[in-house]
>>> print(open('input-v5.txt').read())   # compact mmCIF, C-alpha atoms and all ligand atoms
# COMPACT_ATOMS: atom_id res chain seq x y z
CA MET A 1 -17.40 4.49 21.41
CA ALA A 2 -15.89 7.83 22.12
CA VAL A 3 -14.42 8.62 18.71
CA ALA A 4 -17.35 10.27 16.91
CA ASN A 5 -16.51 10.78 13.24
CA GLY A 6 -12.92 10.40 14.31
CA ILE A 7 -9.71 9.43 12.70
CA VAL A 8 -7.25 7.22 14.54
CA THR A 9 -3.70 7.25 13.22
CA ILE A 10 -1.22 4.43 13.73
CA ASP A 11 2.34 5.04 12.58
CA GLY A 12 5.56 3.18 13.16
CA PRO A 13 8.37 1.23 11.51
CA SER A 14 7.82 -1.86 9.39
CA GLY A 15 7.16 -5.07 11.28
CA ALA A 16 5.97 -3.45 14.53
CA GLY A 17 2.56 -5.14 14.13
CA LYS A 18 0.71 -2.08 12.82
CA SER A 19 -1.42 -3.94 10.27
CA THR A 20 -2.82 -6.52 12.68
CA VAL A 21 -3.43 -3.93 15.37
CA SER A 22 -5.00 -1.44 12.93
CA GLN A 23 -7.35 -4.06 11.50
CA GLN A 24 -8.41 -5.24 14.94
CA LEU A 25 -8.88 -1.73 16.26
CA ALA A 26 -10.92 -0.75 13.18
CA ALA A 27 -13.13 -3.82 13.68
CA ARG A 28 -13.64 -3.02 17.37
CA LEU A 29 -14.56 0.61 16.63
CA GLY A 30 -16.61 -0.19 13.51
CA TYR A 31 -14.27 1.98 11.48
CA THR A 32 -12.69 1.50 8.05
CA TYR A 33 -9.07 0.40 7.94
CA LEU A 34 -6.87 2.50 5.65
CA ASP A 35 -3.67 0.68 4.69
CA THR A 36 -1.49 3.45 3.21
CA GLY A 37 1.58 1.20 2.87
CA ALA A 38 -0.43 -0.79 0.32
CA MET A 39 -0.85 2.40 -1.69
CA TYR A 40 2.93 3.05 -1.81
CA ARG A 41 3.48 -0.60 -2.69
CA ALA A 42 0.97 -0.37 -5.56
CA VAL A 43 2.70 2.72 -6.96
CA GLY A 44 6.04 0.89 -6.62
CA LEU A 45 4.62 -2.04 -8.58
CA LYS A 46 3.33 0.27 -11.29
CA VAL A 47 6.75 1.94 -11.56
CA ILE A 48 8.50 -1.44 -11.89
CA ARG A 49 6.00 -2.76 -14.43
CA SER A 50 6.12 0.34 -16.58
CA GLY A 51 9.91 0.22 -16.66
CA ILE A 52 10.39 3.93 -15.87
CA GLU A 53 13.18 5.13 -13.59
CA PRO A 54 12.05 5.66 -9.98
CA GLN A 55 12.85 9.36 -10.11
CA GLU A 56 11.12 12.70 -10.54
CA GLY A 57 10.30 13.75 -14.09
CA PRO A 58 7.60 13.70 -16.75
CA PRO A 59 7.35 9.87 -16.98
CA LEU A 60 6.60 9.65 -13.23
CA GLU A 61 4.14 12.55 -13.47
CA ARG A 62 2.31 10.77 -16.31
CA LEU A 63 2.25 7.51 -14.38
CA LEU A 64 0.73 9.26 -11.35
CA ALA A 65 -1.80 11.15 -13.46
CA ASP A 66 -2.97 7.77 -14.86
CA LEU A 67 -3.02 6.05 -11.46
CA ASP A 68 -6.19 4.03 -10.94
CA LEU A 69 -6.02 2.71 -7.38
CA THR A 70 -8.86 1.23 -5.36
CA LEU A 71 -8.66 -0.12 -1.80
CA ALA A 72 -11.25 -2.60 -0.59
CA PRO A 73 -10.69 -3.28 3.11
CA GLY A 74 -11.54 -6.88 3.97
CA VAL A 75 -11.57 -8.95 7.15
CA ASN A 76 -7.98 -10.15 6.96
CA GLU A 77 -6.36 -7.79 4.51
CA THR A 78 -7.07 -4.93 2.18
CA ARG A 79 -7.64 -5.91 -1.44
CA VAL A 80 -5.81 -3.56 -3.73
CA LEU A 81 -6.88 -2.97 -7.31
CA LEU A 82 -4.35 -1.33 -9.60
CA ASP A 83 -5.75 -0.35 -12.99
CA GLY A 84 -8.58 -2.78 -12.32
CA GLU A 85 -6.26 -5.74 -11.54
CA ASP A 86 -6.16 -7.35 -8.10
CA VAL A 87 -2.51 -6.90 -7.04
CA SER A 88 -3.06 -7.70 -3.35
CA ARG A 89 -0.63 -10.65 -3.45
CA ALA A 90 1.90 -9.13 -5.83
CA ILE A 91 2.52 -6.09 -3.60
CA ARG A 92 3.09 -8.07 -0.39
CA THR A 93 6.63 -9.31 -1.12
CA ALA A 94 9.70 -8.06 0.77
CA GLU A 95 11.07 -6.80 -2.54
CA MET A 96 7.97 -4.64 -3.11
CA GLY A 97 8.41 -3.27 0.41
CA MET A 98 11.86 -2.03 -0.53
CA VAL A 99 10.58 -0.61 -3.84
CA ALA A 100 7.72 1.11 -2.02
CA SER A 101 10.16 2.63 0.44
CA ARG A 102 12.21 3.96 -2.49
CA VAL A 103 9.32 5.52 -4.43
CA SER A 104 7.79 6.88 -1.22
CA ALA A 105 10.69 9.35 -0.93
CA LEU A 106 9.73 11.00 -4.27
CA PRO A 107 7.79 14.26 -3.73
CA PRO A 108 5.24 13.73 -6.57
CA VAL A 109 4.39 10.29 -5.20
CA ARG A 110 3.88 11.63 -1.67
CA ARG A 111 1.82 14.56 -2.95
CA THR A 112 -0.47 12.28 -4.97
CA LEU A 113 -0.97 9.66 -2.26
CA THR A 114 -1.35 12.19 0.57
CA ALA A 115 -4.19 13.86 -1.36
CA LEU A 116 -5.83 10.49 -2.05
CA GLN A 117 -5.52 9.44 1.60
CA GLN A 118 -7.03 12.70 2.82
CA LYS A 119 -9.92 12.17 0.42
CA LEU A 120 -10.44 8.62 1.71
CA GLY A 121 -10.39 9.94 5.27
CA GLN A 122 -12.79 12.79 4.59
CA GLN A 123 -15.82 10.95 5.93
CA GLY A 124 -14.05 10.11 9.19
CA ARG A 125 -14.42 6.82 11.07
CA VAL A 126 -11.09 5.60 9.75
CA VAL A 127 -8.09 3.87 11.32
CA ALA A 128 -5.22 5.09 9.15
CA GLU A 129 -1.98 3.13 9.22
CA GLY A 130 1.36 4.25 7.80
CA ARG A 131 4.45 6.33 8.53
CA ASP A 132 3.15 9.90 8.37
CA MET A 133 -0.54 9.60 9.26
CA GLY A 134 -0.30 11.58 12.50
CA THR A 135 2.37 14.02 11.33
CA VAL A 136 1.36 14.99 7.78
CA VAL A 137 -1.79 13.37 6.41
CA PHE A 138 -4.13 13.74 9.39
CA PRO A 139 -2.38 16.22 11.74
CA ASP A 140 -5.72 17.04 13.45
CA ALA A 141 -6.67 13.43 14.21
CA PRO A 142 -7.99 13.17 17.77
CA TYR A 143 -6.18 9.89 18.46
CA LYS A 144 -2.63 9.18 17.39
CA PHE A 145 -0.52 6.18 18.17
CA TYR A 146 3.06 5.26 17.34
CA LEU A 147 3.77 1.56 17.51
CA ASP A 148 7.38 0.59 17.98
CA ALA A 149 9.47 -2.53 18.69
CA SER A 150 13.18 -3.28 18.50
CA PRO A 151 14.57 -4.24 15.06
CA GLU A 152 15.59 -7.65 16.44
CA GLU A 153 12.09 -8.38 17.74
CA ARG A 154 10.50 -7.27 14.48
CA ALA A 155 12.92 -9.43 12.45
CA ARG A 156 12.26 -12.41 14.75
CA ARG A 157 8.49 -12.12 14.24
CA ARG A 158 8.77 -11.77 10.49
CA HIS A 159 11.14 -14.74 10.35
CA GLU A 160 8.67 -16.90 12.32
CA GLN A 161 5.72 -15.81 10.15
CA LEU A 162 7.56 -16.88 6.99
CA LEU A 163 8.62 -20.21 8.48
CA GLU A 164 5.04 -20.86 9.63
CA LYS A 165 3.88 -20.31 6.06
CA GLY A 166 6.52 -22.83 4.90
CA LEU A 167 8.43 -20.07 3.09
CA PRO A 168 12.23 -19.77 3.07
CA SER A 169 13.59 -17.23 5.51
CA ASP A 170 16.96 -15.96 6.69
CA TYR A 171 16.84 -14.05 10.00
CA GLN A 172 20.02 -12.06 9.36
CA GLU A 173 18.80 -11.01 5.93
CA ILE A 174 15.45 -9.89 7.34
CA LEU A 175 17.15 -7.95 10.14
CA ALA A 176 19.40 -6.18 7.61
CA GLN A 177 16.34 -5.28 5.46
CA ILE A 178 14.46 -3.94 8.47
CA ILE A 179 17.40 -1.79 9.56
CA LYS A 180 17.83 -0.44 6.04
CA ARG A 181 14.11 0.32 5.63
CA ASP A 182 14.01 2.05 9.06
CA HIS A 183 16.94 4.17 8.04
CA ASP A 184 15.53 5.07 4.60
CA ASP A 185 12.03 5.82 5.95
CA SER A 186 13.38 7.95 8.82
CA ALA A 187 16.15 9.77 6.98
CA ARG A 188 14.14 11.09 4.02
CA SER A 189 13.44 14.80 4.12
CA LEU A 190 9.75 14.54 3.16
CA ALA A 191 7.32 13.15 5.75
CA PRO A 192 9.95 11.04 7.52
CA LEU A 193 8.98 8.26 9.89
CA LYS A 194 8.70 9.81 13.35
CA PRO A 195 6.09 10.01 16.09
CA ALA A 196 3.77 13.04 16.01
CA ALA A 197 4.41 15.32 19.00
CA ASP A 198 0.98 14.36 20.38
CA ALA A 199 1.16 10.62 19.62
CA VAL A 200 0.93 7.96 22.31
CA ILE A 201 4.00 5.75 21.89
CA ILE A 202 3.47 2.03 22.48
CA ASP A 203 6.31 -0.50 22.50
CA SER A 204 4.89 -3.78 21.19
CA SER A 205 8.03 -5.83 21.99
CA GLN A 206 6.49 -7.38 25.10
CA VAL A 207 2.76 -7.07 24.27
CA ASP A 208 0.77 -9.06 21.72
CA ALA A 209 -1.62 -7.47 19.22
CA GLU A 210 -4.66 -7.96 21.42
CA GLY A 211 -2.86 -6.31 24.33
CA VAL A 212 -1.91 -3.34 22.17
CA VAL A 213 -5.51 -2.96 20.93
CA SER A 214 -6.75 -3.02 24.54
CA LEU A 215 -4.26 -0.31 25.48
CA MET A 216 -5.43 1.82 22.55
CA LEU A 217 -9.12 1.34 23.36
CA LYS A 218 -8.43 2.23 26.98
CA HIS A 219 -6.74 5.42 25.87
CA ILE A 220 -9.54 6.29 23.42
CA ASN A 221 -12.28 5.66 25.95
CA ALA A 222 -10.50 7.62 28.66
CA SER A 223 -10.26 10.74 26.50
O1 LIG A 301 3.73 -0.38 5.76
P1 LIG A 301 4.39 -1.00 4.54
O2 LIG A 301 5.54 -1.90 4.87
O3 LIG A 301 3.41 -1.69 3.64
O4 LIG A 301 4.97 0.25 3.71
C1 LIG A 301 5.82 0.09 2.59
C2 LIG A 301 6.68 1.34 2.42
O5 LIG A 301 5.86 2.43 2.03
C3 LIG A 301 7.43 1.81 3.67
O6 LIG A 301 8.73 1.27 3.76
C4 LIG A 301 7.48 3.29 3.51
C5 LIG A 301 6.32 3.64 2.64
N1 LIG A 301 5.22 4.30 3.35
C6 LIG A 301 5.32 5.65 3.54
O7 LIG A 301 6.33 6.26 3.18
N2 LIG A 301 4.29 6.33 4.11
C7 LIG A 301 3.19 5.68 4.52
N3 LIG A 301 2.20 6.38 5.07
C8 LIG A 301 3.09 4.28 4.37
C9 LIG A 301 4.13 3.61 3.78
>>> encode(input="input-v5.txt", output="structure tokens")
Amino acid sequence: MAVANGIVTIDGPSGAGKSTVSQQLAARLGYTYLDTGAMYRAVGLKVIRSGIEPQEGPPLERLLADLDLTLAPGVNETRVLLDGEDVSRAIRTAEMGMVASRVSALPPVRRTLTALQQKLGQQGRVVAEGRDMGTVVFPDAPYKFYLDASPEERARRRHEQLLEKGLPSDYQEILAQIIKRDHDDSARSLAPLKPAADAVIIDSSQVDAEGVVSLMLKHINAS
């Protein structure tokens, strides 16, 4: 493959299919998948569990200084260990997504996780997924993608996934959450959600994950 020691960044709003595409692309390239959303979710969980206010100040600084976070990328998902405990399931709820979005706007949280992500990417051969991978964390990455889809399409997919799993789901509620999270992630002043100037923008509304991965591989191999 063409990406020697490379970093591939995949950014975009929640529900655009980034995780599936990133995992598949990493597998195809023989790279490690870096799920940075999981890191913000884990910090959100730690904030909730410790009972501190999600705001800047000494309690948050102490919490971040004590942060013990390990990511173990697997075949289907990344296992996340927080202070030695497997929290992979606990962080995957819609509620934790909202909490993660909230804590991700706090400068000390971004500073800490950006540094950790850059360290994890140091060796290269990583597919890094998030909101600011191409803009802030890995601005020199040779391959940058921005995966987008309409809020309605993203809500529809999420709704179907939950129903397939036999879980309760309300389309309108999911759509409202997606619109709110898009707004909060894009409107924050620090590392807002936006495509890097040199990112290839792919709309996944009409293309399935495999199709998106093929498009990405075509682009990578053509460069
Ligand atoms: O990708 P996700 O849904 O697991 O991410 C959860 C939240 O974390 C998302 O709403 C915003 C935040 N996030 C971020 O600010 N920067 C990243 N690189 C990844 C996630």
>>> residues_around(input="input-v5.txt", residues="Pro107 (chain A)", least_positions_apart="4", cutoff="8 Å", atoms="all atoms listed in the file", output="PyMOL selection string")
chain A and resi 56+111+190
>>> closest_atom_pairs(input="input-v5.txt", of="chain A", to="ligand LIG 301 (chain A)", cutoff="6 Å", atoms="all atoms listed in the file", output="tab-separated table")
residue	atom	partner	partner_atom	distance
A:Ser14	CA	A:LIG301	O2	5.1
A:Thr36	CA	A:LIG301	C8	4.8
A:Gly37	CA	A:LIG301	O3	3.5
A:Ala38	CA	A:LIG301	O3	5.2
A:Tyr40	CA	A:LIG301	O5	4.9
A:Arg41	CA	A:LIG301	C1	5.8
A:Gly97	CA	A:LIG301	C1	4.8
A:Ala100	CA	A:LIG301	C2	4.6
A:Ser101	CA	A:LIG301	O6	3.9
A:Ser104	CA	A:LIG301	O7	4.7
A:Gly130	CA	A:LIG301	N3	3.6
A:Arg131	CA	A:LIG301	N3	4.1
A:Asp132	CA	A:LIG301	N3	4.9
A:Met133	CA	A:LIG301	N3	6.0
A:Arg181	CA	A:LIG301	O6	5.8
A:Asp185	CA	A:LIG301	C4	5.7
>>> closest_residue(input="input-v5.txt", among="A:Val75, A:Ala115, A:Leu60, A:Leu34", to="Thr9 (chain A)", atoms="all atoms listed in the file")
A:Leu34
>>> residues_around(input="input-v5.txt", residues="Gly17 (chain A)", least_positions_apart="3", cutoff="8 Å", atoms="only C-alpha atoms", output="list in words")
Ser14, Thr20, Val21, Leu147, Ser204 and Ala209 of chain A
>>> atom_distance(input="input-v5.txt", atom1="CA of Glu95 (chain A)", atom2="CA of Gln24 (chain A)")
26.2 Å
>>> closest_atom_pairs(input="input-v5.txt", of="region 1-35 of chain A", to="region 210-217 of chain A", cutoff="12 Å", atoms="only C-alpha atoms", output="tab-separated table")
residue	atom	partner	partner_atom	distance
A:Met1	CA	A:Leu217	CA	9.1
A:Ala2	CA	A:Leu217	CA	9.5
A:Val3	CA	A:Leu217	CA	10.1
A:Val8	CA	A:Met216	CA	9.8
A:Thr9	CA	A:Met216	CA	10.9
A:Ile10	CA	A:Met216	CA	10.1
A:Ala16	CA	A:Val212	CA	11.0
A:Gly17	CA	A:Val212	CA	9.4
A:Lys18	CA	A:Val212	CA	9.8
A:Ser19	CA	A:Val213	CA	11.5
A:Thr20	CA	A:Glu210	CA	9.0
A:Val21	CA	A:Val213	CA	6.0
A:Ser22	CA	A:Val213	CA	8.2
A:Gln23	CA	A:Val213	CA	9.7
A:Gln24	CA	A:Val213	CA	7.0
A:Leu25	CA	A:Val213	CA	5.9
A:Ala26	CA	A:Val213	CA	9.7
A:Ala27	CA	A:Val213	CA	10.6
A:Arg28	CA	A:Leu217	CA	8.7
A:Leu29	CA	A:Leu217	CA	8.7
>>> residues_around(input="input-v5.txt", residues="Thr112 (chain A)", least_positions_apart="2", cutoff="10 Å", atoms="all atoms listed in the file", output="MDAnalysis selection string")
chainID A and resid 61 64:65 67 107:110 114:117
>>> closest_residue(input="input-v5.txt", among="A:Asp203, A:Asp140, A:Asp198, A:Glu160", to="Gly6 (chain A)", atoms="all atoms listed in the file")
A:Asp140
>>> closest_residue(input="input-v5.txt", among="A:Leu106, A:Leu163, A:Ala199, A:Leu120", to="Ala72 (chain A)", atoms="all atoms listed in the file")
A:Leu120
>>> closest_residue(input="input-v5.txt", among="A:Gly166, A:Ser189, A:Ser150, A:Ala155", to="Gln206 (chain A)", atoms="all atoms listed in the file")
A:Ser150
>>> closest_residue(input="input-v5.txt", among="A:Ala149, A:Ala128, A:Ile91, A:Leu71", to="Ala42 (chain A)", atoms="all atoms listed in the file")
A:Ile91
>>> atom_distance(input="input-v5.txt", atom1="CA of Arg188 (chain A)", atom2="CA of Gly121 (chain A)")
24.6 Å
>>> axis_aligned_box(input="input-v5.txt", around="region 171-183 of chain A", padding_each_side="4 Å", output="JSON")
{"center_x": 17.0, "center_y": -4.9, "center_z": 7.8, "size_x": 14.0, "size_y": 26.2, "size_z": 12.7}
>>> decode(input="input-v5.txt", residues="region 50-62 of chain A", atoms="all heavy atoms", output="PDB file, in the first residue's frame")
ATOM      1  N   SER A  50     -16.917  10.684  39.154  1.00  0.00           N
ATOM      2  CA  SER A  50     -16.232  11.343  40.268  1.00  0.00           C
ATOM      3  C   SER A  50     -17.103  12.436  40.871  1.00  0.00           C
ATOM      4  O   SER A  50     -16.792  12.965  41.932  1.00  0.00           O
ATOM      5  CB  SER A  50     -14.901  11.915  39.794  1.00  0.00           C
ATOM      6  OG  SER A  50     -15.171  12.927  38.849  1.00  0.00           O
ATOM      7  N   GLY A  51     -18.177  12.796  40.169  1.00  0.00           N
ATOM      8  CA  GLY A  51     -19.114  13.776  40.729  1.00  0.00           C
ATOM      9  C   GLY A  51     -18.637  15.218  40.634  1.00  0.00           C
ATOM     10  O   GLY A  51     -19.269  16.107  41.202  1.00  0.00           O
ATOM     11  N   ILE A  52     -17.545  15.487  39.922  1.00  0.00           N
ATOM     12  CA  ILE A  52     -17.091  16.882  39.819  1.00  0.00           C
ATOM     13  C   ILE A  52     -17.902  17.605  38.737  1.00  0.00           C
ATOM     14  O   ILE A  52     -18.509  16.972  37.882  1.00  0.00           O
ATOM     15  CB  ILE A  52     -15.576  17.008  39.497  1.00  0.00           C
ATOM     16  CG1 ILE A  52     -15.275  16.513  38.072  1.00  0.00           C
ATOM     17  CG2 ILE A  52     -14.737  16.296  40.537  1.00  0.00           C
ATOM     18  CD1 ILE A  52     -13.936  16.980  37.538  1.00  0.00           C
ATOM     19  N   GLU A  53     -17.901  18.919  38.802  1.00  0.00           N
ATOM     20  CA  GLU A  53     -18.593  19.709  37.776  1.00  0.00           C
ATOM     21  C   GLU A  53     -17.811  19.618  36.467  1.00  0.00           C
ATOM     22  O   GLU A  53     -16.566  19.696  36.489  1.00  0.00           O
ATOM     23  CB  GLU A  53     -18.658  21.180  38.202  1.00  0.00           C
ATOM     24  CG  GLU A  53     -19.596  21.452  39.353  1.00  0.00           C
ATOM     25  CD  GLU A  53     -21.033  21.076  39.015  1.00  0.00           C
ATOM     26  OE1 GLU A  53     -21.470  21.353  37.885  1.00  0.00           O
ATOM     27  OE2 GLU A  53     -21.697  20.475  39.882  1.00  0.00           O
ATOM     28  N   PRO A  54     -18.496  19.483  35.329  1.00  0.00           N
ATOM     29  CA  PRO A  54     -17.772  19.468  34.053  1.00  0.00           C
ATOM     30  C   PRO A  54     -17.349  20.876  33.659  1.00  0.00           C
ATOM     31  O   PRO A  54     -17.902  21.480  32.745  1.00  0.00           O
ATOM     32  CB  PRO A  54     -18.788  18.872  33.067  1.00  0.00           C
ATOM     33  CG  PRO A  54     -20.121  19.080  33.696  1.00  0.00           C
ATOM     34  CD  PRO A  54     -19.933  19.288  35.172  1.00  0.00           C
ATOM     35  N   GLN A  55     -16.389  21.405  34.389  1.00  0.00           N
ATOM     36  CA  GLN A  55     -15.900  22.754  34.094  1.00  0.00           C
ATOM     37  C   GLN A  55     -14.419  22.850  34.456  1.00  0.00           C
ATOM     38  O   GLN A  55     -13.903  22.017  35.194  1.00  0.00           O
ATOM     39  CB  GLN A  55     -16.697  23.793  34.877  1.00  0.00           C
ATOM     40  CG  GLN A  55     -16.563  23.635  36.371  1.00  0.00           C
ATOM     41  CD  GLN A  55     -17.504  24.544  37.154  1.00  0.00           C
ATOM     42  OE1 GLN A  55     -18.598  24.870  36.685  1.00  0.00           O
ATOM     43  NE2 GLN A  55     -17.098  24.955  38.338  1.00  0.00           N
ATOM     44  N   GLU A  56     -13.777  23.901  33.931  1.00  0.00           N
ATOM     45  CA  GLU A  56     -12.354  24.079  34.198  1.00  0.00           C
ATOM     46  C   GLU A  56     -12.129  24.366  35.673  1.00  0.00           C
ATOM     47  O   GLU A  56     -12.967  24.983  36.318  1.00  0.00           O
ATOM     48  CB  GLU A  56     -11.821  25.260  33.378  1.00  0.00           C
ATOM     49  CG  GLU A  56     -11.617  24.914  31.928  1.00  0.00           C
ATOM     50  CD  GLU A  56     -10.934  26.057  31.197  1.00  0.00           C
ATOM     51  OE1 GLU A  56      -9.714  26.194  31.353  1.00  0.00           O
ATOM     52  OE2 GLU A  56     -11.638  26.802  30.505  1.00  0.00           O
ATOM     53  N   GLY A  57     -10.995  23.935  36.189  1.00  0.00           N
ATOM     54  CA  GLY A  57     -10.687  24.207  37.601  1.00  0.00           C
ATOM     55  C   GLY A  57      -9.822  23.101  38.155  1.00  0.00           C
ATOM     56  O   GLY A  57      -9.578  22.094  37.482  1.00  0.00           O
ATOM     57  N   PRO A  58      -9.342  23.275  39.387  1.00  0.00           N
ATOM     58  CA  PRO A  58      -8.440  22.289  39.980  1.00  0.00           C
ATOM     59  C   PRO A  58      -8.997  20.867  40.022  1.00  0.00           C
ATOM     60  O   PRO A  58      -8.245  19.921  39.748  1.00  0.00           O
ATOM     61  CB  PRO A  58      -8.178  22.847  41.394  1.00  0.00           C
ATOM     62  CG  PRO A  58      -8.432  24.315  41.257  1.00  0.00           C
ATOM     63  CD  PRO A  58      -9.504  24.477  40.221  1.00  0.00           C
ATOM     64  N   PRO A  59     -10.307  20.652  40.335  1.00  0.00           N
ATOM     65  CA  PRO A  59     -10.777  19.252  40.351  1.00  0.00           C
ATOM     66  C   PRO A  59     -10.614  18.573  38.990  1.00  0.00           C
ATOM     67  O   PRO A  59     -10.194  17.418  38.910  1.00  0.00           O
ATOM     68  CB  PRO A  59     -12.259  19.373  40.733  1.00  0.00           C
ATOM     69  CG  PRO A  59     -12.360  20.668  41.479  1.00  0.00           C
ATOM     70  CD  PRO A  59     -11.364  21.583  40.820  1.00  0.00           C
ATOM     71  N   LEU A  60     -10.915  19.314  37.900  1.00  0.00           N
ATOM     72  CA  LEU A  60     -10.757  18.719  36.567  1.00  0.00           C
ATOM     73  C   LEU A  60      -9.279  18.471  36.266  1.00  0.00           C
ATOM     74  O   LEU A  60      -8.904  17.435  35.712  1.00  0.00           O
ATOM     75  CB  LEU A  60     -11.375  19.631  35.493  1.00  0.00           C
ATOM     76  CG  LEU A  60     -11.279  19.096  34.056  1.00  0.00           C
ATOM     77  CD1 LEU A  60     -12.119  17.842  33.867  1.00  0.00           C
ATOM     78  CD2 LEU A  60     -11.709  20.154  33.033  1.00  0.00           C
ATOM     79  N   GLU A  61      -8.428  19.415  36.651  1.00  0.00           N
ATOM     80  CA  GLU A  61      -6.981  19.237  36.424  1.00  0.00           C
ATOM     81  C   GLU A  61      -6.480  17.986  37.141  1.00  0.00           C
ATOM     82  O   GLU A  61      -5.691  17.214  36.593  1.00  0.00           O
ATOM     83  CB  GLU A  61      -6.180  20.456  36.914  1.00  0.00           C
ATOM     84  CG  GLU A  61      -6.469  21.759  36.174  1.00  0.00           C
ATOM     85  CD  GLU A  61      -5.941  21.788  34.731  1.00  0.00           C
ATOM     86  OE1 GLU A  61      -5.198  20.871  34.341  1.00  0.00           O
ATOM     87  OE2 GLU A  61      -6.305  22.732  34.000  1.00  0.00           O
ATOM     88  N   ARG A  62      -6.954  17.778  38.381  1.00  0.00           N
ATOM     89  CA  ARG A  62      -6.521  16.599  39.155  1.00  0.00           C
ATOM     90  C   ARG A  62      -7.004  15.317  38.479  1.00  0.00           C
ATOM     91  O   ARG A  62      -6.262  14.349  38.352  1.00  0.00           O
ATOM     92  CB  ARG A  62      -7.078  16.666  40.586  1.00  0.00           C
ATOM     93  CG  ARG A  62      -6.214  17.498  41.529  1.00  0.00           C
ATOM     94  CD  ARG A  62      -6.576  17.216  42.981  1.00  0.00           C
ATOM     95  NE  ARG A  62      -7.920  17.674  43.310  1.00  0.00           N
ATOM     96  CZ  ARG A  62      -8.225  18.931  43.658  1.00  0.00           C
ATOM     97  NH1 ARG A  62      -7.281  19.839  43.755  1.00  0.00           N
ATOM     98  NH2 ARG A  62      -9.473  19.272  43.929  1.00  0.00           N
TER      99      ARG A  62
END
